[in-house]
Amino acid sequence: MTHAAGPLVFTRVRAVDPSRGLDATVDVVVEQGRITRLGPDAAAGIAGTERVRTFDGAGRWLLPAFVDLHAHFREPGQEYKEDIASGLAAAAAGGFAHVCAMPNTRPVNDTRAITEMMVARAREIGGARLHPIGAITKGQAGEELTEMADLREAGAVAVSDDGHCVTSSAVMRRALEYARTFDLPVIQHAEDHALTAGSQMHEGAISARLGLRGWPSVAEDIIVARDLLLAEAIGARYHVAHVSSLGAVRLLRDAKARGLSVTAEVTPHHLTLTDAALLGYDTACKVNPPLRSEADVAALRAALADGTLDAIATDHAPHSPLEKDCEFDSASPGMIGLETCLPLLLGLVREGHLSLARLVDALTAAPSRIIAIEAPTLREGATADLVLVDPERRWTVAPERLRSKSKNSPWLGREVCGRVELTVAGGVVIFDAAEGR
Ligand code: DOR
């Protein structure tokens with residue numbers, strides 16, 4: 001990791017920030033942690049001077065830095081898979097200046113002490129900003145609510161039992177009521193466990209062919225439907241994690257049309273892969289919720305494009321060979337995603353499924369709104385949280401170049417297009433691809 005000693009200057013770069021209708025070729029100057037100048041010829045007299053790092057923006061894009069609502073950093077407890085330092089390094093390499101850490105650590109982040117430890121550890125490390133998400137229930141056991149006031153005071157930006165669904169309607173009702181008093185969003189992992197016990201992949205023709213027990217999409221839809229009814233009755237902020245099904249998309253679209261305060265996220269892998277990826281029993285493609293059918297993927301893409309799905313979240317879920325190089329039934333669900341997020345999504349832009357403006361919004365302003373942080377933006381006076389991208393640069397996803405400690409990605413060995421060249425958080429360079437790996 002490097003630290004910018006002095007000002008940063010980007011010359012003749014395509015700056016894209018839909019939150020202010022910006023898409024123009026400009027110069028951008030960063031001084032003392034902020035964007036101080038932005039416009040044609042804004043770098044005149046500064047670029048090339050002493051102590052200034054100048055970046056030639058030709059063929060590059062400058063975007064607000066990304067915000068991830070959903071990552072698993074495994075610290076405390078499973079640091080052999082990932083720790084806060086390696087997780088933050090992976091985030092920075094992926095263009096993220098802000099990342100939320102899910103609470104399914106060991107022990108579960110269900111107390112002020114663990115939230116404080118995570119925040120303190122991240123501050124000590126520097127780099128991307130960590131925003132912990134506290135558990136909804138103690139031990140994520142689905143029974144007793146956590147002390148959400150404490151969690152929020154310690155720095156939690158939301159609550160979730162991610163990895164587990166809050167199954168009991170009574171507990172979910174209380175959780176929404178309680179979280180509302182602290183204005184915390186409640187993030188649901190929507191899975192009716194009664195319908196998914198023992199499941200290995202999406203239930204459909206391919207699961208039948210492979211002889212693997214299926215996870216029917218209705219198990220997601222049922223929980224989303226119930227929760228929307230509760231959220232409406234209570235008036236709470238409800239957010240659905242990793243939406244994967246066409247049915248859930250329909251429910252969310254309808255709820256939003258009725259003006260409910262609900263939001264949702266979708267992962268890069270649910271947008272780009274179907275259950276056909278499991279045909280070779282690749283455990284890297286075992287995720288929860290599972291990769292679904294082509295009809296589901298088409299619905300997710302359309303819902304991201306029209307804003308029914310607000311944000312893109314990686315669900316970066318590191319696992320070691322111990323949990324992945326084994327029989328399919330025994331493998332843990334999850335794949336890493338921070339470092340491949342941008343190129344996968346640029347693929348959707350190139351194929352015409354998504355506009356660049358909507359993509360940038362879904363990675364920056366939309367997730368920031370959900371967790372109520374100051375959104376990265378390209379504006380004079382704003383905190384300099386930004387990312388420099390080479391959209392045409394091809395690179396091969398190789399284990400040795402990934403910052404994450406875990407390498408459980410189905411994209412290993414594959415060539416992708418679009419590279420993060422530089423990530424800046426608070427005016428500090430937290431990732432520089434030129435430093436190599
Ligand atoms: O695939 C997943 N992995 N989904 C989850 O909900 C949990 C996550 C993990 O923690 O590995």
# chains A, B, ... in the order shown; residues from 1 in each chain; ligands from 1

$ closest_atom_pairs --of "region 203-321 of chain A" --to "region 359-365 of chain A" --cutoff "12 Å" --atoms "only C-alpha atoms" --output "Markdown table"
| residue | atom | partner | partner_atom | distance |
| --- | --- | --- | --- | --- |
| A:Thr263 | CA | A:Ala362 | CA | 11.6 |
| A:Ala264 | CA | A:Ala362 | CA | 10.6 |
| A:Glu265 | CA | A:Ala362 | CA | 8.7 |
| A:Val266 | CA | A:Ala362 | CA | 9.6 |
| A:Thr267 | CA | A:Leu363 | CA | 10.9 |
| A:Pro268 | CA | A:Leu363 | CA | 11.1 |
| A:Arg301 | CA | A:Leu359 | CA | 11.1 |
| A:Ala303 | CA | A:Ala362 | CA | 11.6 |
| A:Leu304 | CA | A:Ala362 | CA | 8.1 |
| A:Ala305 | CA | A:Leu359 | CA | 8.2 |
| A:Asp306 | CA | A:Ala362 | CA | 10.9 |
| A:Gly307 | CA | A:Ala362 | CA | 8.4 |
| A:Thr308 | CA | A:Ala362 | CA | 10.9 |
| A:Leu309 | CA | A:Ala362 | CA | 8.5 |
| A:Asp310 | CA | A:Ala362 | CA | 6.0 |
| A:Ala311 | CA | A:Ala362 | CA | 4.2 |
| A:Ile312 | CA | A:Ala362 | CA | 5.5 |
| A:Ala313 | CA | A:Leu363 | CA | 7.7 |
| A:Thr314 | CA | A:Leu363 | CA | 10.0 |

$ residues_near_ligand --ligand "ligand 1" --cutoff "9 Å" --atoms "only C-alpha atoms and all ligand atoms" --output "VMD selection string"
chain A and resid 71 to 74 102 to 105 161 to 165 189 241 to 242 286 to 290 315 to 319 332 to 335

$ closest_atom_pairs --of "region 42-87 of chain A" --to "region 413-429 of chain A" --cutoff "12 Å" --atoms "only C-alpha atoms" --output "tab-separated table"
residue	atom	partner	partner_atom	distance
A:Arg53	CA	A:Val429	CA	10.6
A:Phe55	CA	A:Leu422	CA	9.7
A:Asp56	CA	A:Glu421	CA	11.6
A:Gly57	CA	A:Glu421	CA	10.9
A:Gly59	CA	A:Gly418	CA	11.6
A:Arg60	CA	A:Glu421	CA	9.1
A:Trp61	CA	A:Val420	CA	9.7
A:Leu62	CA	A:Leu422	CA	9.4
A:Leu63	CA	A:Thr423	CA	9.7
A:Pro64	CA	A:Val424	CA	9.3
A:Ala65	CA	A:Thr423	CA	7.0
A:Phe66	CA	A:Thr423	CA	9.3
A:Val67	CA	A:Ala425	CA	11.2

$ closest_residue --among "A:Ala331, A:Ile223, A:Ile370, A:Thr340" --to "Thr396 (chain A)" --atoms "only C-alpha atoms"
A:Thr340

$ residues_around --residues "Leu271 (chain A)" --least-positions-apart "6" --cutoff "9 Å" --atoms "only C-alpha atoms" --output "PDB file with C-alpha atoms, in the first residue's frame"
ATOM      1  CA  SER A 244     -31.257 -14.278  -6.916  1.00  0.00           C
ATOM      2  CA  LEU A 291     -26.679 -19.649  -9.186  1.00  0.00           C
ATOM      3  CA  ASP A 296     -33.744 -15.556 -13.218  1.00  0.00           C
ATOM      4  CA  VAL A 297     -30.523 -13.993 -14.506  1.00  0.00           C
ATOM      5  CA  ALA A 298     -32.446 -12.077 -17.177  1.00  0.00           C
ATOM      6  CA  LEU A 300     -31.948  -9.709 -12.257  1.00  0.00           C
ATOM      7  CA  ARG A 301     -30.272  -7.828 -15.100  1.00  0.00           C
ATOM      8  CA  LEU A 344     -17.603  -8.692 -14.799  1.00  0.00           C
ATOM      9  CA  LEU A 345     -19.988  -5.764 -14.650  1.00  0.00           C
ATOM     10  CA  LEU A 348     -22.757  -6.338 -18.883  1.00  0.00           C
TER      11      LEU A 348
END

$ residues_around --residues "region 150-156 of chain A" --least-positions-apart "4" --cutoff "8 Å" --atoms "only C-alpha atoms" --output "list in words"
Asp110, Thr111, Arg112, Ala113, Thr115, Glu116, Val119, His131, Pro132, Ile133, Gly134, Phe182 and Leu184 of chain A

$ write_last_selection --atoms "N, CA, C and O atoms" --output "short mmCIF file (atom, residue, chain, number, x, y, z; two decimals), in the first residue's frame"
data_model
loop_
_atom_site.label_atom_id
_atom_site.label_comp_id
_atom_site.auth_asym_id
_atom_site.auth_seq_id
_atom_site.Cartn_x
_atom_site.Cartn_y
_atom_site.Cartn_z
N ASP A 110 -21.99 -9.85 17.40
CA ASP A 110 -23.30 -9.51 17.98
C ASP A 110 -23.15 -8.61 19.19
O ASP A 110 -24.09 -8.43 19.95
N THR A 111 -21.94 -8.05 19.38
CA THR A 111 -21.71 -7.19 20.55
C THR A 111 -20.91 -5.94 20.17
O THR A 111 -20.18 -5.93 19.16
N ARG A 112 -21.02 -4.96 21.03
CA ARG A 112 -20.24 -3.74 20.88
C ARG A 112 -18.73 -4.05 20.82
O ARG A 112 -18.02 -3.47 20.00
N ALA A 113 -18.28 -4.98 21.66
CA ALA A 113 -16.83 -5.25 21.75
C ALA A 113 -16.27 -5.71 20.40
O ALA A 113 -15.21 -5.27 19.97
N THR A 115 -17.64 -5.29 17.37
CA THR A 115 -17.75 -4.20 16.38
C THR A 115 -16.62 -3.20 16.60
O THR A 115 -15.96 -2.78 15.62
N GLU A 116 -16.37 -2.86 17.85
CA GLU A 116 -15.29 -1.89 18.14
C GLU A 116 -13.93 -2.43 17.72
O GLU A 116 -13.10 -1.72 17.17
N VAL A 119 -13.58 -2.11 13.95
CA VAL A 119 -13.35 -0.73 13.53
C VAL A 119 -11.92 -0.30 13.87
O VAL A 119 -11.21 0.30 13.04
N HIS A 131 -16.96 -0.87 7.41
CA HIS A 131 -18.22 -0.57 8.11
C HIS A 131 -18.82 -1.90 8.57
O HIS A 131 -19.36 -2.65 7.74
N PRO A 132 -18.74 -2.19 9.86
CA PRO A 132 -19.28 -3.48 10.31
C PRO A 132 -20.80 -3.52 10.23
O PRO A 132 -21.47 -2.50 10.38
N ILE A 133 -21.30 -4.70 9.98
CA ILE A 133 -22.74 -4.97 10.08
C ILE A 133 -22.90 -5.91 11.27
O ILE A 133 -22.24 -6.95 11.35
N GLY A 134 -23.72 -5.50 12.23
CA GLY A 134 -23.92 -6.33 13.42
C GLY A 134 -24.99 -7.38 13.17
O GLY A 134 -25.77 -7.29 12.22
N PHE A 182 -33.57 2.89 15.80
CA PHE A 182 -32.19 3.39 15.60
C PHE A 182 -31.93 3.73 14.14
O PHE A 182 -30.79 3.98 13.76
N LEU A 184 -31.71 1.81 11.68
CA LEU A 184 -30.76 0.87 11.06
C LEU A 184 -31.50 0.00 10.04
O LEU A 184 -32.57 -0.53 10.33
#

$ residues_around --residues "Leu378 (chain A)" --least-positions-apart "3" --cutoff "12 Å" --atoms "only C-alpha atoms" --output "NGL selection string"
:A and (14-24 or 26-30 or 34-39 or 61-65 or 360 or 364-365 or 375 or 381-388)

$ select_by_dssp --residues "region 184-349 of chain A" --states "strand (DSSP E or B)" --output "list in words"
Val186, Ile187, Gln188, Met201, His202, Gly214, Trp215, Tyr238, His239, Val240, Val262, Thr263, Ala264, Glu265, Val266, Ala311, Ile312, His316 and Met335 of chain A
